[in-house]
file model_26.pdb (PDB, C-alpha atoms)
MODEL        1
ATOM      1  CA  MET F   1       0.000   0.000   0.000
ATOM      2  CA  SER F   2       1.574   3.229  -1.153
ATOM      3  CA  LEU F   3       1.478   6.285   1.063
ATOM      4  CA  VAL F   4       1.711   8.648  -1.880
ATOM      5  CA  LYS F   5      -1.663   9.904  -3.006
ATOM      6  CA  PRO F   6      -2.341   9.638  -6.737
ATOM      7  CA  LEU F   7      -3.018  12.947  -8.489
ATOM      8  CA  ALA F   8      -6.320  14.053  -9.967
ATOM      9  CA  LEU F   9      -6.613  17.201 -12.063
ATOM     10  CA  VAL F  10     -10.013  18.889 -12.262
ATOM     11  CA  THR F  11     -10.285  21.833 -14.661
ATOM     12  CA  GLY F  12     -12.562  24.695 -13.710
ATOM     13  CA  ALA F  13     -12.686  23.469 -10.124
ATOM     14  CA  SER F  14     -13.073  26.743  -8.242
ATOM     15  CA  ARG F  15     -16.862  26.523  -8.126
ATOM     16  CA  GLY F  16     -20.006  24.685  -9.154
ATOM     17  CA  ILE F  17     -19.820  21.113 -10.383
ATOM     18  CA  GLY F  18     -16.004  21.258 -10.615
ATOM     19  CA  ALA F  19     -15.631  22.144  -6.936
ATOM     20  CA  ALA F  20     -18.029  19.348  -5.924
ATOM     21  CA  ILE F  21     -16.048  16.860  -8.025
ATOM     22  CA  ALA F  22     -12.735  18.027  -6.534
ATOM     23  CA  GLU F  23     -14.041  17.595  -2.970
ATOM     24  CA  LYS F  24     -15.420  14.150  -3.733
ATOM     25  CA  LEU F  25     -12.191  12.933  -5.354
ATOM     26  CA  ALA F  26     -10.200  14.250  -2.375
ATOM     27  CA  SER F  27     -12.464  12.265  -0.050
ATOM     28  CA  HIS F  28     -11.515   9.164  -2.050
ATOM     29  CA  GLY F  29      -7.811   9.740  -1.378
ATOM     30  CA  PHE F  30      -6.635  11.700  -4.392
ATOM     31  CA  HIS F  31      -4.397  14.745  -4.156
ATOM     32  CA  VAL F  32      -6.532  17.086  -6.224
ATOM     33  CA  LEU F  33      -5.129  19.829  -8.424
ATOM     34  CA  ILE F  34      -7.733  22.581  -8.418
ATOM     35  CA  ASN F  35      -7.477  24.348 -11.754
ATOM     36  CA  TYR F  36      -8.869  27.866 -12.063
ATOM     37  CA  VAL F  37      -8.135  30.815 -14.292
ATOM     38  CA  SER F  38      -9.397  34.003 -12.661
ATOM     39  CA  ASN F  39     -10.969  33.307  -9.290
ATOM     40  CA  GLU F  40      -7.992  32.527  -7.074
ATOM     41  CA  ALA F  41      -9.885  33.264  -3.825
ATOM     42  CA  LYS F  42     -12.568  30.700  -4.712
ATOM     43  CA  ALA F  43      -9.968  28.112  -5.714
ATOM     44  CA  ILE F  44      -8.167  28.543  -2.385
ATOM     45  CA  GLU F  45     -11.513  28.240  -0.602
ATOM     46  CA  VAL F  46     -12.038  24.846  -2.297
ATOM     47  CA  VAL F  47      -8.515  23.767  -1.305
ATOM     48  CA  ASN F  48      -9.152  24.836   2.299
ATOM     49  CA  THR F  49     -12.479  23.009   2.432
ATOM     50  CA  ILE F  50     -10.733  19.850   1.235
ATOM     51  CA  ILE F  51      -7.887  20.181   3.726
ATOM     52  CA  ALA F  52     -10.322  20.893   6.589
ATOM     53  CA  ALA F  53     -12.105  17.629   5.694
ATOM     54  CA  GLY F  54      -8.785  15.757   5.990
ATOM     55  CA  GLY F  55      -8.046  15.647   2.258
ATOM     56  CA  SER F  56      -5.218  16.967   0.161
ATOM     57  CA  ALA F  57      -5.326  19.536  -2.653
ATOM     58  CA  GLU F  58      -3.569  22.525  -4.156
ATOM     59  CA  PRO F  59      -4.580  25.283  -6.556
ATOM     60  CA  LEU F  60      -3.180  25.204 -10.101
ATOM     61  CA  ARG F  61      -3.773  28.274 -12.239
ATOM     62  CA  PHE F  62      -3.833  27.960 -16.005
ATOM     63  CA  ASP F  63      -6.028  29.160 -18.817
ATOM     64  CA  VAL F  64      -7.503  26.117 -20.573
ATOM     65  CA  THR F  65      -7.778  28.118 -23.796
ATOM     66  CA  SER F  66      -3.994  28.604 -23.905
ATOM     67  CA  GLU F  67      -1.958  25.708 -25.282
ATOM     68  CA  ALA F  68       1.193  27.263 -23.779
ATOM     69  CA  GLU F  69      -0.323  27.524 -20.300
ATOM     70  CA  ILE F  70      -1.607  23.945 -20.498
ATOM     71  CA  ALA F  71       1.905  22.797 -21.460
ATOM     72  CA  THR F  72       3.457  24.694 -18.528
ATOM     73  CA  ALA F  73       0.904  23.256 -16.105
ATOM     74  CA  PHE F  74       1.625  19.720 -17.297
ATOM     75  CA  GLU F  75       5.372  20.295 -16.963
ATOM     76  CA  PHE F  76       4.660  21.169 -13.349
ATOM     77  CA  ILE F  77       2.527  18.024 -12.940
ATOM     78  CA  SER F  78       5.186  15.889 -14.631
ATOM     79  CA  LYS F  79       7.868  17.232 -12.264
ATOM     80  CA  LYS F  80       5.574  16.597  -9.337
ATOM     81  CA  THR F  81       5.097  12.973 -10.386
ATOM     82  CA  GLN F  82       8.872  12.567 -10.635
ATOM     83  CA  THR F  83       9.687  14.146  -7.274
ATOM     84  CA  THR F  84       6.864  12.573  -5.261
ATOM     85  CA  GLY F  85       6.398   9.285  -7.123
ATOM     86  CA  ALA F  86       2.654  10.018  -7.370
ATOM     87  CA  ALA F  87       1.078   9.301 -10.751
ATOM     88  CA  LEU F  88      -1.540  11.404 -12.496
ATOM     89  CA  GLU F  89      -4.410   8.924 -12.439
ATOM     90  CA  VAL F  90      -7.429  11.107 -13.094
ATOM     91  CA  LEU F  91      -8.260  14.012 -15.393
ATOM     92  CA  VAL F  92     -11.675  15.638 -15.241
ATOM     93  CA  ASN F  93     -12.372  18.096 -18.058
ATOM     94  CA  ASN F  94     -14.952  20.267 -16.406
ATOM     95  CA  ALA F  95     -13.998  23.825 -17.418
ATOM     96  CA  GLY F  96     -16.658  25.382 -19.574
ATOM     97  CA  ILE F  97     -18.639  28.451 -20.447
ATOM     98  CA  SER F  98     -22.012  28.982 -22.026
ATOM     99  CA  GLU F  99     -22.955  31.997 -24.093
ATOM    100  CA  ASP F 100     -26.531  31.532 -25.215
ATOM    101  CA  GLY F 101     -28.321  33.076 -28.146
ATOM    102  CA  LEU F 102     -30.126  32.151 -31.328
ATOM    103  CA  ILE F 103     -27.927  31.342 -34.315
ATOM    104  CA  LEU F 104     -29.058  34.424 -36.234
ATOM    105  CA  ARG F 105     -27.440  36.564 -33.553
ATOM    106  CA  LEU F 106     -24.394  34.334 -33.064
ATOM    107  CA  LYS F 107     -21.080  36.179 -33.235
ATOM    108  CA  LYS F 108     -18.010  34.368 -34.545
ATOM    109  CA  GLU F 109     -15.994  35.493 -31.496
ATOM    110  CA  SER F 110     -18.561  33.972 -29.171
ATOM    111  CA  LEU F 111     -18.594  30.746 -31.198
ATOM    112  CA  ASP F 112     -14.782  30.567 -31.076
ATOM    113  CA  ARG F 113     -14.710  31.240 -27.354
ATOM    114  CA  THR F 114     -17.328  28.577 -26.656
ATOM    115  CA  LEU F 115     -15.604  25.917 -28.768
ATOM    116  CA  GLN F 116     -12.173  26.794 -27.381
ATOM    117  CA  THR F 117     -13.162  26.779 -23.728
ATOM    118  CA  ASN F 118     -15.418  23.728 -23.783
ATOM    119  CA  LEU F 119     -13.970  21.485 -26.485
ATOM    120  CA  VAL F 120     -10.489  22.410 -27.732
ATOM    121  CA  SER F 121      -9.287  22.782 -24.139
ATOM    122  CA  ALA F 122     -10.495  19.270 -23.337
ATOM    123  CA  ILE F 123      -8.677  17.778 -26.339
ATOM    124  CA  LEU F 124      -5.438  19.558 -25.432
ATOM    125  CA  THR F 125      -5.507  18.518 -21.768
ATOM    126  CA  CYS F 126      -6.301  14.933 -22.848
ATOM    127  CA  LYS F 127      -3.234  15.005 -25.072
ATOM    128  CA  GLU F 128      -0.965  16.065 -22.222
ATOM    129  CA  ALA F 129      -2.560  13.708 -19.708
ATOM    130  CA  ALA F 130      -2.339  10.765 -22.130
ATOM    131  CA  ARG F 131       1.431  11.208 -22.295
ATOM    132  CA  LEU F 132       1.759  10.855 -18.525
ATOM    133  CA  MET F 133      -0.871   8.151 -18.114
ATOM    134  CA  MET F 134       0.538   5.985 -20.921
ATOM    135  CA  LYS F 135       3.809   5.658 -19.033
ATOM    136  CA  ASN F 136       1.929   4.347 -15.999
ATOM    137  CA  ARG F 137      -0.386   2.103 -17.987
ATOM    138  CA  LYS F 138      -3.225   3.459 -15.893
ATOM    139  CA  GLY F 139      -5.656   6.340 -15.889
ATOM    140  CA  SER F 140      -9.218   7.559 -16.044
ATOM    141  CA  ILE F 141     -10.299  10.589 -18.050
ATOM    142  CA  ILE F 142     -13.778  11.990 -17.562
ATOM    143  CA  GLN F 143     -15.347  14.692 -19.704
ATOM    144  CA  ILE F 144     -18.111  16.797 -18.263
ATOM    145  CA  SER F 145     -20.290  17.094 -21.346
ATOM    146  CA  SER F 146     -23.961  18.042 -21.154
ATOM    147  CA  VAL F 147     -27.410  16.682 -21.876
ATOM    148  CA  VAL F 148     -27.753  19.400 -24.531
ATOM    149  CA  GLY F 149     -24.923  17.686 -26.438
ATOM    150  CA  GLU F 150     -27.289  14.708 -26.761
ATOM    151  CA  MET F 151     -30.731  16.298 -27.131
ATOM    152  CA  GLY F 152     -29.945  19.806 -28.470
ATOM    153  CA  ASN F 153     -31.359  23.040 -27.149
ATOM    154  CA  ALA F 154     -32.636  26.107 -28.976
ATOM    155  CA  GLY F 155     -30.319  29.019 -28.204
ATOM    156  CA  GLN F 156     -27.318  26.797 -27.499
ATOM    157  CA  VAL F 157     -25.996  25.914 -30.930
ATOM    158  CA  ALA F 158     -22.350  26.596 -30.067
ATOM    159  CA  TYR F 159     -22.515  25.163 -26.564
ATOM    160  CA  SER F 160     -24.304  21.982 -27.614
ATOM    161  CA  ALA F 161     -21.933  21.529 -30.580
ATOM    162  CA  ALA F 162     -18.976  21.788 -28.193
ATOM    163  CA  LYS F 163     -20.567  19.382 -25.706
ATOM    164  CA  ALA F 164     -21.446  16.892 -28.463
ATOM    165  CA  GLY F 165     -17.843  17.246 -29.635
ATOM    166  CA  MET F 166     -16.679  16.059 -26.229
ATOM    167  CA  ILE F 167     -18.655  12.864 -26.804
ATOM    168  CA  GLY F 168     -16.776  12.208 -30.071
ATOM    169  CA  LEU F 169     -13.519  12.932 -28.288
ATOM    170  CA  THR F 170     -14.442  10.458 -25.565
ATOM    171  CA  LYS F 171     -15.278   7.622 -27.940
ATOM    172  CA  SER F 172     -12.203   8.011 -30.155
ATOM    173  CA  LEU F 173      -9.789   8.471 -27.285
ATOM    174  CA  ALA F 174     -11.233   5.486 -25.437
ATOM    175  CA  LYS F 175     -10.324   3.365 -28.482
ATOM    176  CA  GLU F 176      -6.849   4.903 -28.785
ATOM    177  CA  LEU F 177      -5.855   4.419 -25.168
ATOM    178  CA  ALA F 178      -7.660   1.240 -24.109
ATOM    179  CA  SER F 179      -4.604  -0.953 -24.688
ATOM    180  CA  ARG F 180      -2.782   1.158 -22.070
ATOM    181  CA  HIS F 181      -5.517   0.663 -19.470
ATOM    182  CA  ILE F 182      -6.603   4.264 -19.733
ATOM    183  CA  ARG F 183     -10.363   4.665 -19.664
ATOM    184  CA  VAL F 184     -12.188   7.628 -21.141
ATOM    185  CA  ASN F 185     -15.819   8.384 -20.378
ATOM    186  CA  ALA F 186     -18.213  11.307 -20.591
ATOM    187  CA  VAL F 187     -20.982  12.315 -18.249
ATOM    188  CA  THR F 188     -23.858  14.421 -19.489
ATOM    189  CA  PRO F 189     -25.483  16.381 -16.675
ATOM    190  CA  GLY F 190     -28.961  17.801 -17.126
ATOM    191  CA  TYR F 191     -30.043  20.802 -15.091
ATOM    192  CA  ILE F 192     -27.809  21.094 -12.053
ATOM    193  CA  GLN F 193     -28.041  23.916  -9.513
ATOM    194  CA  THR F 194     -25.006  26.099 -10.298
ATOM    195  CA  ASP F 195     -24.254  29.738 -11.094
ATOM    196  CA  MET F 196     -25.086  28.806 -14.704
ATOM    197  CA  THR F 197     -28.635  27.680 -13.847
ATOM    198  CA  ASN F 198     -29.140  30.250 -11.055
ATOM    199  CA  ALA F 199     -29.040  32.856 -13.812
ATOM    200  CA  LEU F 200     -32.423  31.540 -15.040
ATOM    201  CA  ASN F 201     -35.606  33.274 -13.868
ATOM    202  CA  GLU F 202     -38.427  31.511 -11.987
ATOM    203  CA  THR F 203     -40.616  31.085 -15.070
ATOM    204  CA  GLN F 204     -37.726  29.454 -16.934
ATOM    205  CA  LYS F 205     -36.968  27.217 -13.947
ATOM    206  CA  THR F 206     -40.593  26.102 -13.612
ATOM    207  CA  ALA F 207     -40.713  25.280 -17.320
ATOM    208  CA  ILE F 208     -37.518  23.256 -17.012
ATOM    209  CA  ILE F 209     -38.675  21.335 -13.955
ATOM    210  CA  GLU F 210     -41.884  20.354 -15.757
ATOM    211  CA  GLY F 211     -39.708  18.570 -18.334
ATOM    212  CA  ILE F 212     -37.778  16.568 -15.726
ATOM    213  CA  PRO F 213     -39.514  13.288 -14.751
ATOM    214  CA  LEU F 214     -37.910  13.289 -11.290
ATOM    215  CA  GLY F 215     -39.272  16.805 -10.810
ATOM    216  CA  TYR F 216     -36.275  18.672  -9.411
ATOM    217  CA  LEU F 217     -32.877  20.066 -10.374
ATOM    218  CA  GLY F 218     -29.793  18.014  -9.646
ATOM    219  CA  GLU F 219     -26.922  19.085  -7.428
ATOM    220  CA  GLY F 220     -23.179  19.231  -8.003
ATOM    221  CA  GLN F 221     -22.880  16.401  -5.490
ATOM    222  CA  ASP F 222     -24.921  14.091  -7.763
ATOM    223  CA  VAL F 223     -22.487  14.627 -10.637
ATOM    224  CA  ALA F 224     -19.504  14.321  -8.296
ATOM    225  CA  ASN F 225     -20.679  10.888  -7.111
ATOM    226  CA  LEU F 226     -20.857   9.628 -10.699
ATOM    227  CA  VAL F 227     -17.473  11.115 -11.612
ATOM    228  CA  ALA F 228     -15.856   9.556  -8.543
ATOM    229  CA  PHE F 229     -17.255   6.165  -9.551
ATOM    230  CA  LEU F 230     -15.776   6.564 -13.055
ATOM    231  CA  ALA F 231     -12.434   7.644 -11.560
ATOM    232  CA  LEU F 232     -12.143   4.587  -9.317
ATOM    233  CA  PRO F 233     -11.273   0.962 -10.176
ATOM    234  CA  GLU F 234     -14.897  -0.055  -9.399
ATOM    235  CA  SER F 235     -15.724   1.122 -12.933
ATOM    236  CA  ARG F 236     -12.772  -0.663 -14.558
ATOM    237  CA  TYR F 237     -14.873  -2.291 -17.311
ATOM    238  CA  ILE F 238     -16.498   0.973 -18.413
ATOM    239  CA  THR F 239     -14.844   2.956 -21.198
ATOM    240  CA  GLY F 240     -15.976   5.086 -24.131
ATOM    241  CA  GLN F 241     -19.381   5.529 -22.538
ATOM    242  CA  VAL F 242     -21.662   8.526 -22.246
ATOM    243  CA  ILE F 243     -23.519   8.425 -18.966
ATOM    244  CA  GLY F 244     -26.533  10.662 -18.487
ATOM    245  CA  ILE F 245     -27.306  12.255 -15.135
ATOM    246  CA  ASN F 246     -30.383  14.315 -15.756
ATOM    247  CA  GLY F 247     -33.354  13.255 -13.627
ATOM    248  CA  GLY F 248     -34.852  11.567 -16.677
ATOM    249  CA  LEU F 249     -34.907  14.761 -18.780
ATOM    250  CA  TYR F 250     -33.415  12.848 -21.695
ATOM    251  CA  ILE F 251     -34.123   9.134 -21.923
TER     252      ILE F 251
ATOM    253  CA  MET Z 252      29.510   8.122 -29.648
ATOM    254  CA  SER Z 253      27.780   5.836 -32.123
ATOM    255  CA  THR Z 254      28.148   2.682 -30.015
ATOM    256  CA  ASN Z 255      26.817   4.587 -27.081
ATOM    257  CA  THR Z 256      23.806   5.753 -29.117
ATOM    258  CA  GLU Z 257      23.207   2.207 -30.277
ATOM    259  CA  GLU Z 258      23.249   0.895 -26.724
ATOM    260  CA  ARG Z 259      20.908   3.590 -25.474
ATOM    261  CA  VAL Z 260      18.465   2.989 -28.345
ATOM    262  CA  ARG Z 261      18.492  -0.771 -27.776
ATOM    263  CA  SER Z 262      17.997  -0.376 -24.071
ATOM    264  CA  ILE Z 263      14.999   1.950 -24.573
ATOM    265  CA  ILE Z 264      13.457  -0.512 -27.018
ATOM    266  CA  CYS Z 265      13.916  -3.470 -24.634
ATOM    267  CA  ASP Z 266      12.362  -1.449 -21.849
ATOM    268  CA  GLN Z 267       9.447  -0.033 -23.736
ATOM    269  CA  LEU Z 268       8.462  -3.127 -25.707
ATOM    270  CA  ALA Z 269       9.414  -5.564 -22.947
ATOM    271  CA  VAL Z 270      11.523  -7.715 -25.275
ATOM    272  CA  GLU Z 271      14.745  -9.653 -24.667
ATOM    273  CA  PRO Z 272      17.952  -7.800 -25.687
ATOM    274  CA  GLU Z 273      18.986 -10.612 -28.068
ATOM    275  CA  LYS Z 274      15.823 -10.084 -30.131
ATOM    276  CA  VAL Z 275      16.707  -6.427 -30.760
ATOM    277  CA  LYS Z 276      18.890  -6.624 -33.868
ATOM    278  CA  ALA Z 277      19.553  -3.847 -36.371
ATOM    279  CA  ALA Z 278      17.299  -5.555 -38.901
ATOM    280  CA  SER Z 279      14.468  -6.236 -36.430
ATOM    281  CA  SER Z 280      11.193  -4.687 -37.522
ATOM    282  CA  PHE Z 281       9.263  -3.042 -34.698
ATOM    283  CA  ILE Z 282       5.888  -4.295 -35.833
ATOM    284  CA  GLU Z 283       6.733  -7.677 -37.389
ATOM    285  CA  ASP Z 284       9.578  -8.868 -35.158
ATOM    286  CA  LEU Z 285       9.125  -7.024 -31.897
ATOM    287  CA  GLY Z 286       5.331  -7.035 -31.685
ATOM    288  CA  ALA Z 287       4.909  -3.267 -31.404
ATOM    289  CA  ASP Z 288       1.590  -1.556 -32.170
ATOM    290  CA  SER Z 289       1.105   1.992 -33.462
ATOM    291  CA  LEU Z 290       0.856   3.423 -29.950
ATOM    292  CA  ASP Z 291       4.136   1.697 -28.976
ATOM    293  CA  ILE Z 292       5.831   3.387 -31.902
ATOM    294  CA  VAL Z 293       4.551   6.839 -30.934
ATOM    295  CA  GLU Z 294       5.732   6.225 -27.369
ATOM    296  CA  LEU Z 295       9.096   5.019 -28.613
ATOM    297  CA  VAL Z 296       9.552   8.135 -30.729
ATOM    298  CA  MET Z 297       8.586  10.345 -27.774
ATOM    299  CA  THR Z 298      11.095   8.585 -25.528
ATOM    300  CA  MET Z 299      13.860   8.908 -28.152
ATOM    301  CA  GLU Z 300      13.072  12.633 -28.443
ATOM    302  CA  GLU Z 301      13.470  13.034 -24.678
ATOM    303  CA  GLU Z 302      16.533  10.803 -24.378
ATOM    304  CA  PHE Z 303      18.424  12.443 -27.232
ATOM    305  CA  ASP Z 304      16.931  15.911 -26.793
ATOM    306  CA  MET Z 305      15.775  16.243 -30.393
ATOM    307  CA  ASP Z 306      12.585  16.643 -32.394
ATOM    308  CA  ILE Z 307      11.703  13.761 -34.672
ATOM    309  CA  PRO Z 308       9.145  14.959 -37.245
ATOM    310  CA  ASP Z 309       6.211  12.631 -37.954
ATOM    311  CA  GLU Z 310       7.252  12.130 -41.586
ATOM    312  CA  GLU Z 311      10.694  10.939 -40.436
ATOM    313  CA  ALA Z 312       9.253   8.756 -37.693
ATOM    314  CA  GLU Z 313       7.001   7.040 -40.234
ATOM    315  CA  LYS Z 314      10.048   5.913 -42.213
ATOM    316  CA  MET Z 315      11.652   4.150 -39.260
ATOM    317  CA  LYS Z 316      10.635   0.520 -39.556
ATOM    318  CA  THR Z 317      13.597  -1.237 -37.953
ATOM    319  CA  VAL Z 318      15.925  -0.788 -34.990
ATOM    320  CA  GLY Z 319      18.740   0.064 -37.434
ATOM    321  CA  ASP Z 320      16.636   2.862 -38.999
ATOM    322  CA  VAL Z 321      16.328   4.552 -35.609
ATOM    323  CA  ILE Z 322      20.018   4.197 -34.758
ATOM    324  CA  ASN Z 323      21.039   5.576 -38.161
ATOM    325  CA  TYR Z 324      18.614   8.490 -37.917
ATOM    326  CA  ILE Z 325      19.772   9.494 -34.451
ATOM    327  CA  ASN Z 326      23.451   9.133 -35.366
ATOM    328  CA  ALA Z 327      22.987  11.230 -38.506
ATOM    329  CA  LYS Z 328      21.034  13.901 -36.675
ATOM    330  CA  SER Z 329      23.448  14.072 -33.703
ATOM    331  CA  SER Z 330      26.524  14.364 -35.936
ATOM    332  CA  ALA Z 331      24.790  17.061 -37.998
ATOM    333  CA  ASN Z 332      24.373  19.066 -34.818
ATOM    334  CA  HIS Z 333      27.980  18.830 -33.669
TER     335      HIS Z 333
ENDMDL
END

call {"tool": "encode", "arguments": {"input": "model_26.pdb", "output": "structure tokens"}}
result
Amino acid sequence: MSLVKPLALVTGASRGIGAAIAEKLASHGFHVLINYVSNEAKAIEVVNTIIAAGGSAEPLRFDVTSEAEIATAFEFISKKTQTTGAALEVLVNNAGISEDGLILRLKKESLDRTLQTNLVSAILTCKEAARLMMKNRKGSIIQISSVVGEMGNAGQVAYSAAKAGMIGLTKSLAKELASRHIRVNAVTPGYIQTDMTNALNETQKTAIIEGIPLGYLGEGQDVANLVAFLALPESRYITGQVIGINGGLYI
Amino acid sequence: MSTNTEERVRSIICDQLAVEPEKVKAASSFIEDLGADSLDIVELVMTMEEEFDMDIPDEEAEKMKTVGDVINYINAKSSANH
């Protein structure tokens, strides 16, 4: 039994679903790297919460839309694995933004930003993580996609295209890396209570809840439980899968 | 220099592909003789790049079919740099 905690990197972990995932993974014995780009105070808060609960974590700032910053961050992770002997076992691609609007009003800059932050970033971090995980012949990569990547949503052309793209990434990469015992899966949350959904007004929320068979919004914790399962050896025979977590919204 | 390169290349190949040193001959083909798959070859190229501190372009890597090809490439590239 090794005393060194394996590493888990969660992108966009300073709040919302990412923070819930980071806390859950820490409770399962991972040393969690809390990626953030702008909100350092929030990231440190997540780290402190984890440490107070007896876990281990540290903040790691990099902009997921910058290939150079991703490379620097992974150099840091690679050095850390060499000095501590801990392997990077888990990558959770959670960082994302949503800029909604009908296609007729869609600006190219907004489209680029949405694809870069949600999809291109995930591909680039997978590339770096694959390098490290291949050496260890072990790893679990989890993409936080979205139910709208499966069912579509008016006003979210760019966002749903990016989230559907993560599903293609998941399936191809699962095939590429399976022989190295690296699993790649996607989860597709429905409506989860976060800053993103808190921005909706009551009428919108009521309309949404009417479409959910279970009749309520999910919580970050619900997604975190699923992600933790996919990160752990209990799910060793699951790869290339897209697992919905949406209260029955999309069946 | 060249013997040293040869030894280092052979040792990386034995390590990475988990094959016996006596099977790693200059004429050994990675795929046919040493049982490598495409991912093994990419990994091998990445390790060579790190070990010898050089960039091996994809189009060059694709041409390397045997152990001897790799040794020759690295020798040629190292001597060109010195």

call {"tool": "interface_residues", "arguments": {"input": "model_26.pdb", "of": "chain F", "to": "chain Z", "cutoff": "9 Å", "atoms": "all atoms listed in the file", "output": "number ranges by chain"}}
result
F: 131, 134-135, 176-177, 179-180

call {"tool": "resolve_selection", "arguments": {"input": "model_26.pdb", "expression": "the PyMOL selection byres ((chain Z and resi 295) around 10)", "output": "PyMOL selection string"}}
result
chain Z and resi 260+263-264+266-268+287+289-294+296-301+312

call {"tool": "closest_residue", "arguments": {"input": "model_26.pdb", "among": "F:Asn246, F:Asn94, F:Asn35, F:Thr114", "to": "Pro213 in chain F", "atoms": "all atoms listed in the file"}}
result
F:Asn246

call {"tool": "closest_residue", "arguments": {"input": "model_26.pdb", "among": "F:Tyr237, F:Val223, F:Ala158, F:Met151", "to": "Ala174 in chain F", "atoms": "all atoms listed in the file"}}
result
F:Tyr237

call {"tool": "atom_distance", "arguments": {"input": "model_26.pdb", "atom1": "CA of Lys175 in chain F", "atom2": "CA of Ile141 in chain F"}}
result
12.7 Å

call {"tool": "resolve_selection", "arguments": {"input": "model_26.pdb", "expression": "the PyMOL selection byres ((chain F and resi 248) around 9)", "output": "PyMOL selection string"}}
result
chain F and resi 190+211-214+244-247+249-251

call {"tool": "build_atoms", "arguments": {"input": "model_26.pdb", "residues": "range 154-159 of chain F", "atoms": "all heavy atoms", "output": "short mmCIF file (atom, residue, chain, number, x, y, z; two decimals), in the frame of the given file"}}
result
data_model
loop_
_atom_site.label_atom_id
_atom_site.label_comp_id
_atom_site.auth_asym_id
_atom_site.auth_seq_id
_atom_site.Cartn_x
_atom_site.Cartn_y
_atom_site.Cartn_z
N ALA F 154 -32.55 24.84 -28.24
CA ALA F 154 -32.64 26.11 -28.98
C ALA F 154 -31.90 27.18 -28.19
O ALA F 154 -32.04 27.28 -26.97
CB ALA F 154 -34.10 26.50 -29.16
N GLY F 155 -31.07 27.95 -28.87
CA GLY F 155 -30.32 29.02 -28.20
C GLY F 155 -28.95 28.58 -27.74
O GLY F 155 -28.19 29.37 -27.19
N GLN F 156 -28.62 27.30 -27.94
CA GLN F 156 -27.32 26.80 -27.50
C GLN F 156 -26.59 26.04 -28.61
O GLN F 156 -26.04 24.97 -28.36
CB GLN F 156 -27.48 25.91 -26.26
CG GLN F 156 -27.92 26.69 -25.02
CD GLN F 156 -27.70 25.90 -23.75
OE1 GLN F 156 -28.14 24.76 -23.65
NE2 GLN F 156 -27.01 26.50 -22.79
N VAL F 157 -26.63 26.59 -29.80
CA VAL F 157 -26.00 25.91 -30.93
C VAL F 157 -24.51 25.67 -30.67
O VAL F 157 -24.02 24.55 -30.79
CB VAL F 157 -26.20 26.74 -32.23
CG1 VAL F 157 -25.21 26.31 -33.30
CG2 VAL F 157 -27.62 26.55 -32.73
N ALA F 158 -23.80 26.72 -30.26
CA ALA F 158 -22.35 26.60 -30.07
C ALA F 158 -22.04 25.69 -28.88
O ALA F 158 -21.20 24.79 -28.96
CB ALA F 158 -21.73 27.98 -29.86
N TYR F 159 -22.76 25.93 -27.78
CA TYR F 159 -22.52 25.16 -26.56
C TYR F 159 -22.82 23.68 -26.79
O TYR F 159 -22.03 22.81 -26.41
CB TYR F 159 -23.40 25.73 -25.44
CG TYR F 159 -23.21 25.09 -24.09
CD1 TYR F 159 -22.07 25.33 -23.32
CD2 TYR F 159 -24.20 24.26 -23.55
CE1 TYR F 159 -21.91 24.77 -22.08
CE2 TYR F 159 -24.06 23.69 -22.29
CZ TYR F 159 -22.91 23.95 -21.56
OH TYR F 159 -22.76 23.38 -20.32
#
